[in-house]
$ cat target.cif   # mmCIF, C-alpha atoms and all ligand atoms
data_run
loop_
_atom_site.label_atom_id
_atom_site.label_comp_id
_atom_site.auth_asym_id
_atom_site.auth_seq_id
_atom_site.Cartn_x
_atom_site.Cartn_y
_atom_site.Cartn_z
CA MET A 1 81.07 140.82 110.38
CA PRO A 2 81.08 137.08 111.01
CA ASP A 3 82.56 136.07 114.34
CA CYS A 4 85.87 134.50 113.41
CA ALA A 5 87.14 133.95 116.95
CA PRO A 6 87.92 130.29 117.61
CA ARG A 7 85.12 128.63 119.56
CA ARG A 8 86.17 127.40 122.99
CA PRO A 9 85.09 123.78 123.34
CA ARG A 10 82.17 123.49 125.73
CA LEU A 11 84.00 120.70 127.57
CA LEU A 12 86.76 123.15 128.43
CA SER A 13 84.51 126.03 129.43
CA PRO A 14 83.99 126.80 133.13
CA ILE A 15 80.88 125.85 135.06
CA THR A 16 79.63 127.53 138.22
CA LEU A 17 77.52 125.76 140.83
CA ARG A 18 76.51 127.96 143.76
CA GLY A 19 79.71 129.81 144.74
CA VAL A 20 82.12 127.35 143.18
CA THR A 21 83.50 127.53 139.64
CA ALA A 22 85.22 124.62 137.95
CA ARG A 23 87.72 125.60 135.24
CA ASN A 24 86.26 122.97 132.90
CA ARG A 25 83.58 120.27 132.83
CA ILE A 26 85.89 117.31 133.29
CA MET A 27 85.42 115.48 136.58
CA VAL A 28 87.52 112.71 138.01
CA SER A 29 84.94 110.19 139.17
CA PRO A 30 85.38 108.79 142.70
CA MET A 31 87.62 105.73 142.71
CA ASP A 32 88.16 103.59 145.78
CA GLN A 33 91.87 102.81 146.10
CA TYR A 34 91.50 100.10 148.78
CA CYS A 35 94.57 101.27 150.64
CA ALA A 36 93.38 103.45 153.52
CA VAL A 37 94.29 102.43 157.07
CA ASP A 38 91.47 102.65 159.62
CA GLY A 39 89.86 105.10 157.21
CA HIS A 40 92.93 107.33 157.05
CA VAL A 41 94.05 108.33 153.58
CA THR A 42 97.69 107.64 152.75
CA ASP A 43 100.44 109.02 150.51
CA TRP A 44 98.96 106.84 147.77
CA HIS A 45 95.69 108.77 147.85
CA PHE A 46 97.57 112.05 147.74
CA ALA A 47 99.67 111.03 144.75
CA HIS A 48 96.74 109.36 142.98
CA LEU A 49 94.54 112.45 143.22
CA ALA A 50 97.24 115.12 142.93
CA LYS A 51 98.23 114.03 139.44
CA PHE A 52 94.69 114.51 138.13
CA ALA A 53 94.58 118.10 139.42
CA MET A 54 98.04 118.73 137.97
CA GLY A 55 96.77 117.27 134.70
CA GLY A 56 94.04 119.89 134.37
CA ALA A 57 90.83 118.21 135.59
CA GLY A 58 88.11 120.67 136.60
CA LEU A 59 86.79 118.63 139.52
CA VAL A 60 88.59 115.86 141.37
CA PHE A 61 86.63 113.64 143.73
CA VAL A 62 88.05 111.61 146.58
CA GLU A 63 86.67 108.06 146.64
CA SER A 64 83.62 107.07 148.64
CA ALA A 65 84.72 107.99 152.17
CA LYS A 66 82.63 106.13 154.69
CA VAL A 67 80.51 108.02 157.19
CA GLU A 68 80.61 105.13 159.68
CA ARG A 69 83.09 102.30 160.23
CA ARG A 70 80.12 99.95 159.75
CA GLY A 71 79.82 101.42 156.28
CA LEU A 72 83.21 100.16 155.09
CA SER A 73 83.03 98.10 151.98
CA SER A 74 86.62 96.81 152.21
CA VAL A 75 88.75 97.23 155.31
CA ALA A 76 90.86 99.71 153.35
CA ASP A 77 88.20 102.20 152.22
CA ALA A 78 88.76 105.85 153.10
CA GLY A 79 86.74 107.18 156.02
CA VAL A 80 85.38 110.41 157.37
CA TRP A 81 83.68 109.04 160.47
CA LYS A 82 86.01 110.68 162.99
CA ASP A 83 87.72 114.04 163.35
CA GLU A 84 91.12 112.35 163.15
CA HIS A 85 90.45 111.72 159.46
CA VAL A 86 90.32 115.45 158.72
CA PRO A 87 94.05 116.36 158.57
CA GLY A 88 94.91 113.73 155.93
CA LEU A 89 91.92 114.69 153.81
CA GLY A 90 92.77 118.35 154.33
CA GLY A 91 96.21 117.86 152.80
CA ILE A 92 94.60 116.43 149.68
CA ALA A 93 91.89 119.09 149.43
CA GLY A 94 94.43 121.87 149.85
CA PHE A 95 96.68 120.56 147.11
CA LEU A 96 93.85 119.92 144.65
CA LYS A 97 92.67 123.51 145.09
CA GLN A 98 96.19 124.89 144.83
CA GLN A 99 96.40 123.17 141.44
CA GLY A 100 93.20 124.85 140.29
CA ALA A 101 90.77 121.94 140.62
CA VAL A 102 87.56 121.86 142.60
CA ALA A 103 88.25 119.50 145.51
CA GLY A 104 85.36 117.10 145.96
CA ILE A 105 84.69 114.14 148.19
CA GLN A 106 82.11 111.40 147.91
CA LEU A 107 80.42 110.30 151.13
CA GLY A 108 79.24 106.72 151.30
CA HIS A 109 78.03 103.77 153.37
CA ALA A 110 78.14 100.22 152.07
CA GLY A 111 75.20 98.90 154.15
CA ARG A 112 74.64 95.23 153.30
CA LYS A 113 77.58 95.27 150.87
CA ALA A 114 79.99 95.86 153.77
CA GLY A 115 82.88 93.52 154.44
CA VAL A 116 84.25 92.58 151.03
CA GLN A 117 87.66 91.66 149.73
CA ARG A 118 89.64 94.06 147.57
CA PRO A 119 88.72 93.54 143.90
CA TRP A 120 92.03 91.86 143.08
CA GLU A 121 91.69 89.57 146.12
CA GLY A 122 88.35 88.19 144.94
CA PHE A 123 85.75 90.94 145.53
CA GLY A 124 83.70 88.43 147.54
CA PRO A 125 82.56 88.58 151.16
CA LEU A 126 85.35 88.40 153.74
CA ASP A 127 85.88 85.34 155.87
CA ARG A 128 84.55 86.78 159.10
CA ARG A 129 86.20 84.10 161.26
CA ARG A 130 89.58 85.76 160.82
CA PRO A 131 90.68 89.35 161.35
CA VAL A 132 91.21 91.26 158.15
CA ASP A 133 94.53 93.11 157.80
CA GLY A 134 94.85 92.58 161.55
CA GLN A 135 91.65 94.50 162.23
CA GLU A 136 88.31 93.45 163.70
CA HIS A 137 85.32 92.96 161.46
CA TRP A 138 82.42 95.35 161.48
CA GLU A 139 78.72 94.68 161.58
CA VAL A 140 76.77 94.39 158.34
CA VAL A 141 73.54 96.39 158.49
CA GLY A 142 70.89 97.32 155.97
CA PRO A 143 67.27 98.30 155.61
CA SER A 144 66.15 94.64 155.85
CA ALA A 145 67.69 91.26 156.60
CA LEU A 146 68.28 90.46 152.93
CA PRO A 147 71.78 89.64 151.65
CA ALA A 148 73.26 91.41 148.64
CA LEU A 149 73.94 88.12 146.86
CA ASP A 150 73.69 84.41 147.69
CA GLY A 151 76.37 83.49 150.18
CA TRP A 152 76.87 87.08 151.34
CA PRO A 153 76.24 88.06 154.97
CA VAL A 154 72.65 88.63 156.02
CA PRO A 155 72.54 92.22 157.27
CA ARG A 156 70.86 93.17 160.52
CA ALA A 157 67.94 95.47 159.78
CA LEU A 158 68.54 98.93 161.23
CA THR A 159 66.04 100.09 163.85
CA LYS A 160 64.38 103.46 163.37
CA ALA A 161 66.59 104.97 166.08
CA GLU A 162 69.68 103.60 164.31
CA ILE A 163 68.53 105.09 161.02
CA ALA A 164 68.48 108.48 162.71
CA ASP A 165 72.05 107.85 163.92
CA VAL A 166 73.23 106.95 160.41
CA VAL A 167 71.59 110.08 158.98
CA ALA A 168 73.35 112.13 161.68
CA ALA A 169 76.65 110.44 160.76
CA TRP A 170 76.20 111.72 157.21
CA GLY A 171 75.73 115.24 158.56
CA ALA A 172 78.83 114.98 160.76
CA ALA A 173 80.83 113.69 157.79
CA ALA A 174 79.76 116.73 155.75
CA ARG A 175 80.95 119.01 158.52
CA ARG A 176 84.32 117.22 158.49
CA ALA A 177 84.52 117.51 154.70
CA HIS A 178 84.05 121.26 155.09
CA ASP A 179 86.67 121.39 157.86
CA ALA A 180 89.08 119.56 155.54
CA GLY A 181 88.55 122.25 152.91
CA PHE A 182 86.52 120.43 150.28
CA ASP A 183 84.32 122.53 148.00
CA ALA A 184 81.98 119.84 146.69
CA ILE A 185 80.33 116.78 148.20
CA GLU A 186 78.78 113.88 146.36
CA ILE A 187 76.38 111.65 148.28
CA HIS A 188 76.82 108.06 147.07
CA GLY A 189 73.27 106.93 146.46
CA ALA A 190 74.10 104.35 143.77
CA HIS A 191 75.66 100.94 143.07
CA GLY A 192 73.65 98.94 145.57
CA TYR A 193 75.06 100.65 148.64
CA LEU A 194 73.05 101.73 151.68
CA ILE A 195 71.01 104.58 150.17
CA HIS A 196 70.26 102.54 147.05
CA GLN A 197 69.28 99.63 149.33
CA PHE A 198 66.62 101.81 150.95
CA LEU A 199 65.37 102.91 147.52
CA SER A 200 65.00 99.38 146.16
CA PRO A 201 62.16 97.03 147.06
CA ALA A 202 64.64 94.22 146.35
CA ALA A 203 66.64 95.22 149.44
CA ASN A 204 64.03 97.11 151.47
CA ARG A 205 61.04 95.19 152.83
CA ARG A 206 60.46 97.43 155.81
CA GLY A 207 56.95 97.93 157.12
CA ASP A 208 57.63 101.31 158.73
CA ARG A 209 57.92 104.82 157.26
CA TYR A 210 61.20 103.86 155.51
CA GLY A 211 59.74 101.03 153.41
CA GLY A 212 56.86 100.10 151.16
CA SER A 213 55.66 103.07 149.08
CA PHE A 214 57.98 105.10 146.84
CA ALA A 215 57.63 108.07 149.21
CA ASN A 216 58.74 105.88 152.11
CA ARG A 217 61.66 104.27 150.26
CA ILE A 218 63.13 107.63 149.23
CA ARG A 219 62.75 109.04 152.76
CA PHE A 220 66.22 107.89 153.88
CA ALA A 221 67.89 109.49 150.84
CA LEU A 222 66.07 112.75 151.46
CA GLU A 223 66.95 112.77 155.15
CA VAL A 224 70.60 112.17 154.28
CA ALA A 225 70.51 115.08 151.80
CA GLU A 226 68.92 117.33 154.43
CA ALA A 227 71.50 116.32 157.05
CA VAL A 228 74.39 116.97 154.69
CA ARG A 229 72.95 120.31 153.58
CA ALA A 230 72.50 121.35 157.20
CA HIS A 231 76.25 120.95 157.76
CA TRP A 232 77.46 122.13 154.38
CA PRO A 233 77.74 125.83 153.52
CA ASP A 234 75.13 127.34 151.22
CA ASP A 235 77.77 128.46 148.74
CA LYS A 236 79.14 124.93 148.19
CA PRO A 237 77.51 122.52 145.75
CA LEU A 238 76.09 119.14 146.65
CA PHE A 239 75.95 116.26 144.14
CA PHE A 240 74.08 112.97 144.40
CA ARG A 241 75.15 109.84 142.53
CA ALA A 242 72.18 107.70 141.59
CA SER A 243 71.80 104.38 139.88
CA ALA A 244 69.46 105.79 137.28
CA GLU A 245 68.21 102.26 136.57
CA ASP A 246 68.99 98.95 138.23
CA GLU A 247 68.55 95.22 137.73
CA ALA A 248 65.69 95.00 140.23
CA GLY A 249 63.04 97.32 138.83
CA TRP A 250 64.20 100.82 139.78
CA THR A 251 63.49 102.99 136.74
CA LEU A 252 64.66 106.25 135.24
CA ASP A 253 61.25 107.72 136.05
CA ASP A 254 61.88 106.80 139.70
CA THR A 255 65.27 108.56 139.49
CA ILE A 256 63.68 111.64 137.95
CA ALA A 257 61.11 111.80 140.77
CA LEU A 258 63.88 111.28 143.33
CA ALA A 259 66.03 113.97 141.68
CA ARG A 260 63.22 116.52 141.92
CA ALA A 261 62.75 115.74 145.61
CA LEU A 262 66.51 115.94 146.24
CA HIS A 263 66.75 119.21 144.35
CA GLY A 264 64.15 120.64 146.73
CA ARG A 265 66.48 119.68 149.60
CA GLY A 266 69.52 121.47 148.21
CA VAL A 267 71.06 118.88 145.88
CA ASP A 268 72.52 120.71 142.88
CA ALA A 269 73.56 117.96 140.49
CA ILE A 270 72.71 114.34 139.77
CA ASP A 271 75.53 112.01 138.72
CA CYS A 272 73.84 109.37 136.58
CA SER A 273 75.33 105.92 137.04
CA SER A 274 73.39 102.65 137.12
CA GLY A 275 73.08 99.15 138.52
CA GLY A 276 74.69 97.44 141.48
CA ILE A 277 71.73 96.26 143.52
CA GLY A 278 72.03 92.60 142.53
CA VAL A 279 75.54 92.46 141.09
CA ARG A 280 78.95 92.69 142.62
CA SER A 281 80.15 95.59 140.51
CA PRO A 282 78.27 97.72 137.99
CA THR A 283 81.40 98.02 135.83
CA ALA A 284 81.29 94.23 135.32
CA ASP A 285 77.76 94.46 133.88
CA VAL A 286 77.40 93.36 130.27
CA ARG A 287 75.75 96.69 129.42
CA ALA A 288 78.88 98.47 130.56
CA ARG A 289 80.72 97.56 127.35
CA GLN A 290 79.22 100.26 125.17
CA PRO A 291 80.95 103.68 125.18
CA GLY A 292 78.72 106.28 126.81
CA PHE A 293 76.19 103.63 127.86
CA GLN A 294 74.85 105.77 130.72
CA VAL A 295 74.73 109.09 128.88
CA PRO A 296 71.03 108.68 127.96
CA TYR A 297 70.18 108.70 131.68
CA ALA A 298 71.85 112.06 132.21
CA SER A 299 70.34 113.40 129.02
CA ARG A 300 66.79 112.42 129.86
CA LEU A 301 67.06 113.50 133.47
CA ARG A 302 68.43 116.89 132.43
CA ALA A 303 65.71 117.39 129.83
CA ALA A 304 62.93 116.37 132.23
CA THR A 305 64.08 118.33 135.29
CA GLY A 306 66.53 121.04 134.22
CA ILE A 307 68.79 119.85 137.04
CA THR A 308 72.54 119.85 136.41
CA ALA A 309 73.42 116.38 135.13
CA ILE A 310 76.68 114.46 135.18
CA ALA A 311 77.31 111.71 132.64
CA VAL A 312 79.65 108.84 133.50
CA GLY A 313 80.60 105.43 132.15
CA LEU A 314 82.98 104.57 129.33
CA ILE A 315 83.52 108.13 128.26
CA LEU A 316 86.78 107.65 126.46
CA THR A 317 87.63 110.28 123.89
CA PRO A 318 87.62 114.08 124.01
CA ALA A 319 85.38 114.23 120.92
CA GLN A 320 82.83 111.97 122.61
CA ALA A 321 82.95 114.05 125.80
CA GLU A 322 82.62 117.31 123.87
CA ARG A 323 79.54 116.02 122.04
CA ILE A 324 77.94 115.03 125.35
CA VAL A 325 78.20 118.51 126.81
CA ALA A 326 77.90 120.55 123.59
CA ASP A 327 74.74 118.71 122.56
CA GLY A 328 73.21 119.27 125.99
CA HIS A 329 73.15 115.67 127.20
CA ALA A 330 75.02 116.58 130.38
CA ASP A 331 76.68 119.56 132.05
CA ILE A 332 79.72 117.67 133.31
CA VAL A 333 81.39 114.43 132.26
CA ALA A 334 82.95 112.17 134.87
CA LEU A 335 85.72 109.75 133.91
CA ALA A 336 87.27 107.06 136.06
CA ARG A 337 89.34 104.36 134.33
CA GLU A 338 90.39 106.62 131.48
CA PHE A 339 92.08 108.84 134.06
CA LEU A 340 93.97 105.82 135.38
CA ALA A 341 95.24 105.28 131.85
CA ASP A 342 96.03 108.96 131.27
CA PRO A 343 96.10 111.35 134.24
CA ASN A 344 96.68 114.21 131.78
CA TRP A 345 93.51 113.40 129.82
CA PRO A 346 92.42 117.10 129.89
CA VAL A 347 95.67 117.99 128.07
CA ARG A 348 94.79 115.43 125.43
CA ALA A 349 91.28 116.91 125.27
CA ALA A 350 92.64 120.41 124.69
CA ARG A 351 94.99 119.18 121.97
CA GLU A 352 92.36 117.10 120.17
CA LEU A 353 89.69 119.80 120.46
CA GLY A 354 91.98 122.38 118.94
CA THR A 355 92.94 124.61 121.85
CA GLU A 356 96.26 125.22 123.58
CA PRO A 357 97.06 121.99 125.48
CA LEU A 358 99.86 123.39 127.63
CA GLU A 359 97.45 125.82 129.27
CA MET A 360 96.11 122.83 131.19
CA LEU A 361 99.40 122.21 132.97
CA PRO A 362 101.06 123.88 135.98
CA PRO A 363 103.60 126.60 135.09
CA SER A 364 106.56 124.49 136.11
CA TYR A 365 105.66 121.94 133.42
CA ARG A 366 104.15 124.38 130.96
CA TRP A 367 107.16 126.61 130.63
CA TRP A 368 109.56 123.78 129.83
CA LEU A 369 107.21 122.09 127.41
CA ALA A 370 106.48 125.38 125.70
CA ARG A 371 110.18 126.07 125.34
CA ARG A 372 110.78 122.61 123.96
CA ALA A 373 107.89 123.05 121.51
CA ALA A 374 109.33 126.36 120.44
CA VAL A 375 112.76 124.86 119.87
CA LEU A 376 111.30 121.99 117.88
CA GLN A 377 109.30 124.43 115.75
CA GLN A 378 112.19 126.75 115.15
CA ASP A 379 112.23 128.26 111.72
CA ALA A 380 115.71 129.01 110.37
CA SER A 381 114.60 132.53 109.41
CA ALA A 382 113.38 133.68 112.86
CA PRO A 383 114.32 131.17 115.52
CA ALA A 384 114.51 133.48 118.49
CA ALA A 385 111.23 135.25 117.70
CA ALA A 386 109.37 131.95 117.19
CA ALA A 387 110.63 130.56 120.47
CA SER A 388 109.83 133.62 122.52
CA ASP A 389 106.40 133.93 120.91
CA VAL A 390 105.35 130.39 121.87
CA VAL A 391 106.69 130.78 125.39
CA GLN A 392 104.86 134.11 125.67
CA ARG A 393 101.56 132.64 124.43
CA THR A 394 101.60 129.55 126.61
CA THR A 395 102.85 131.10 129.81
CA GLY A 396 101.42 134.60 129.53
CA GLY A 397 105.01 135.71 129.96
CA SER A 398 104.67 135.25 133.70
CA PHE A 399 107.26 132.54 134.07
CA ALA A 400 110.13 133.98 132.12
C1 LIG B 501 89.16 101.63 140.84
C2 LIG B 501 87.73 102.09 140.84
C3 LIG B 501 87.13 102.45 142.03
C4 LIG B 501 85.83 102.95 142.05
N1 LIG B 501 85.30 103.45 143.23
C5 LIG B 501 84.14 104.11 143.20
C6 LIG B 501 83.69 104.83 144.33
O1 LIG B 501 84.37 104.95 145.36
N2 LIG B 501 82.48 105.43 144.25
C7 LIG B 501 81.71 105.38 143.11
O2 LIG B 501 80.62 105.94 143.09
N3 LIG B 501 82.14 104.74 142.01
C8 LIG B 501 83.33 104.13 142.02
N4 LIG B 501 83.81 103.57 140.89
C9 LIG B 501 83.03 103.71 139.65
C10 LIG B 501 83.52 104.92 138.86
O3 LIG B 501 83.38 106.12 139.57
C11 LIG B 501 82.78 105.06 137.51
O4 LIG B 501 81.42 105.32 137.76
C12 LIG B 501 82.90 103.79 136.67
O5 LIG B 501 84.21 103.27 136.69
C13 LIG B 501 82.49 104.06 135.22
O6 LIG B 501 83.29 105.07 134.67
P1 LIG B 501 84.55 104.74 133.66
O7 LIG B 501 84.00 103.92 132.54
O8 LIG B 501 85.03 106.10 133.24
O9 LIG B 501 85.56 103.97 134.46
C14 LIG B 501 85.09 103.03 140.86
C15 LIG B 501 85.67 102.60 139.65
C16 LIG B 501 86.98 102.17 139.64
C17 LIG B 501 87.60 101.77 138.32
#
$ encode --input "target.cif" --output "structure tokens" --more "lines below"
Ligand SMILES: Cc1cc2nc3c(=O)[nH]c(=O)nc-3n(C[C@H](O)[C@H](O)[C@H](O)COP(=O)(O)O)c2cc1C
Amino acid sequence: MPDCAPRRPRLLSPITLRGVTARNRIMVSPMDQYCAVDGHVTDWHFAHLAKFAMGGAGLVFVESAKVERRGLSSVADAGVWKDEHVPGLGGIAGFLKQQGAVAGIQLGHAGRKAGVQRPWEGFGPLDRRRPVDGQEHWEVVGPSALPALDGWPVPRALTKAEIADVVAAWGAAARRAHDAGFDAIEIHGAHGYLIHQFLSPAANRRGDRYGGSFANRIRFALEVAEAVRAHWPDDKPLFFRASAEDEAGWTLDDTIALARALHGRGVDAIDCSSGGIGVRSPTADVRARQPGFQVPYASRLRAATGITAIAVGLILTPAQAERIVADGHADIVALAREFLADPNWPVRAARELGTEPLEMLPPSYRWWLARRAAVLQQDASAPAAAASDVVQRTTGGSFA
């Protein structure tokens, strides 16, 4: 007998990493909202992230939360550098999980790209002669005294003892993420920020064990991964976002070698972005105009290493996303701007991929929409039966 059961789209099938299962393979990519206050998340963050979980996303990531105040990109980035940040983050994590999403948080440090204006205020370096939003400036540090771009602040090169402190800050941030209730962490190792600065000879000219050879340049990333793992339960997954290729000579082969080393230190998935070491924003890059432009990185990394791969970058339509995961290019797709345009994108995916869209929604939406659909579909011959059948199918009868 041929199997006539409808095939569940791969995009909408669950994925398990360590002890955590996501209900589907749709991830909300971290998106800085530039509206935190002294690192504290606000009602905006809650509302911004809550709607994605309510809209059916499998994994929802809080923006790059900084592990040190010195690591702030803008003054209004989220932070996780002190215990006082935990309650606000905990409220978000709790709600995301209550809505059935995996609650994730990205941990980051801007390094030499610290101290910038919000994108819509210019995205350039801050005028350090004046306080910003009434707050004091913070020191710009990096692997070497090389600015991110002409006219940007020259960072002070971290000493070896300070590197150990920054690594420890990453570990402490992971512990706080656990205390807040998150179930997944992503280390931000991409886009020209501190970890990427250590990886790149364009930003790292150190003569000690953190610079020079490939093995030395990846040392900081590996130590960060070890520190995070040491404070992060074994049953919770750890992701790493890499710039799979950049403008300054970092190659996909380098990323593949790095991914293998990270995997050996307990990193479970590589999120394959690109660029950022010599440009303000990777999304402004000319290459970033082609739908799915970074998918080949995930695909080749996954094929070469067998490590769980996340594809990101101009993934727009459900059919495109389904092809990426069904054809084995990636295990998870991450979307950012498309979620800003449509927080219920997973509902759209279910509808366009031929499964029941209302299943993606919370019962208090689902029941009403199912009833409306039933009323609209009513057939003059059996109106009551049609209505109750649709409500039954879409709610499992549990919300009658
Ligand atoms: C408003 C906004 C904020 C972002 N903040 C972050 C961030 O905190 N961390 C990060 O790794 N990427 C950040 N990104 C990049 C996105 O996560 C994503 O990689 C990029 O936008 C490409 O995906 P898209 O084409 O689906 O938007 C941000 C993007 C946007 C639009």
$ residues_near_ligand --input "target.cif" --ligand "ligand LIG 501 (chain B)" --cutoff "8 Å" --atoms "all atoms listed in the file" --output "ChimeraX atom specification"
/A:28-33,62-65,106,108,188,190-191,241,273,282-283,288,291,312-316,334-339
$ closest_residue --input "target.cif" --among "A:Trp232, A:Phe198, A:Trp152, A:Tyr210" --to "Ile185 in chain A" --atoms "only C-alpha atoms"
A:Trp232
$ atom_distance --input "target.cif" --atom1 "CA of Ala269 in chain A" --atom2 "CA of Ala180 in chain A"
21.7 Å
$ residues_around --input "target.cif" --residues "Val140 in chain A" --least-positions-apart "4" --cutoff "6 Å" --atoms "only C-alpha atoms" --output "PyMOL selection string"
chain A and resi 112+114+155
$ closest_residue --input "target.cif" --among "A:Arg175, A:Leu258, A:Ile15, A:Ala184" --to "Asn216 in chain A" --atoms "only C-alpha atoms"
A:Leu258
$ closest_residue --input "target.cif" --among "A:Gly207, A:Gly55, A:Val295, A:Pro343" --to "Val325 in chain A" --atoms "all atoms listed in the file"
A:Val295
$ build_atoms --input "target.cif" --residues "range 336-354 of chain A" --atoms "N, CA and C atoms" --output "compact mmCIF listing (two decimals), keeping the file's coordinate frame"
# COMPACT_ATOMS: atom_id res chain seq x y z
N ALA A 336 86.52 107.78 135.03
CA ALA A 336 87.27 107.06 136.06
C ALA A 336 88.46 106.34 135.42
N ARG A 337 88.22 105.19 134.79
CA ARG A 337 89.34 104.36 134.33
C ARG A 337 90.19 105.05 133.28
N GLU A 338 89.59 105.94 132.49
CA GLU A 338 90.39 106.62 131.48
C GLU A 338 91.43 107.52 132.15
N PHE A 339 91.10 108.04 133.34
CA PHE A 339 92.08 108.84 134.06
C PHE A 339 93.21 107.97 134.63
N LEU A 340 92.89 106.71 134.93
CA LEU A 340 93.97 105.82 135.38
C LEU A 340 94.96 105.59 134.23
N ALA A 341 94.40 105.51 133.02
CA ALA A 341 95.24 105.28 131.85
C ALA A 341 96.00 106.54 131.47
N ASP A 342 95.40 107.70 131.69
CA ASP A 342 96.03 108.96 131.27
C ASP A 342 95.62 110.08 132.22
N PRO A 343 96.44 110.31 133.25
CA PRO A 343 96.10 111.35 134.24
C PRO A 343 96.06 112.75 133.63
N ASN A 344 96.70 112.91 132.47
CA ASN A 344 96.68 114.21 131.78
C ASN A 344 95.62 114.23 130.68
N TRP A 345 94.56 113.48 130.85
CA TRP A 345 93.51 113.40 129.82
C TRP A 345 93.01 114.79 129.41
N PRO A 346 92.87 115.77 130.32
CA PRO A 346 92.42 117.10 129.89
C PRO A 346 93.40 117.76 128.90
N VAL A 347 94.68 117.46 129.03
CA VAL A 347 95.67 117.99 128.07
C VAL A 347 95.38 117.40 126.69
N ARG A 348 95.13 116.10 126.70
CA ARG A 348 94.79 115.43 125.43
C ARG A 348 93.51 116.05 124.85
N ALA A 349 92.55 116.34 125.74
CA ALA A 349 91.28 116.91 125.27
C ALA A 349 91.54 118.26 124.62
N ALA A 350 92.36 119.08 125.26
CA ALA A 350 92.64 120.41 124.69
C ALA A 350 93.31 120.26 123.32
N ARG A 351 94.26 119.35 123.23
CA ARG A 351 94.99 119.18 121.97
C ARG A 351 94.03 118.70 120.88
N GLU A 352 93.23 117.68 121.21
CA GLU A 352 92.36 117.10 120.17
C GLU A 352 91.19 118.01 119.83
N LEU A 353 90.82 118.90 120.75
CA LEU A 353 89.69 119.80 120.46
C LEU A 353 90.17 121.14 119.92
N GLY A 354 91.48 121.23 119.68
CA GLY A 354 91.98 122.38 118.94
C GLY A 354 92.28 123.61 119.76
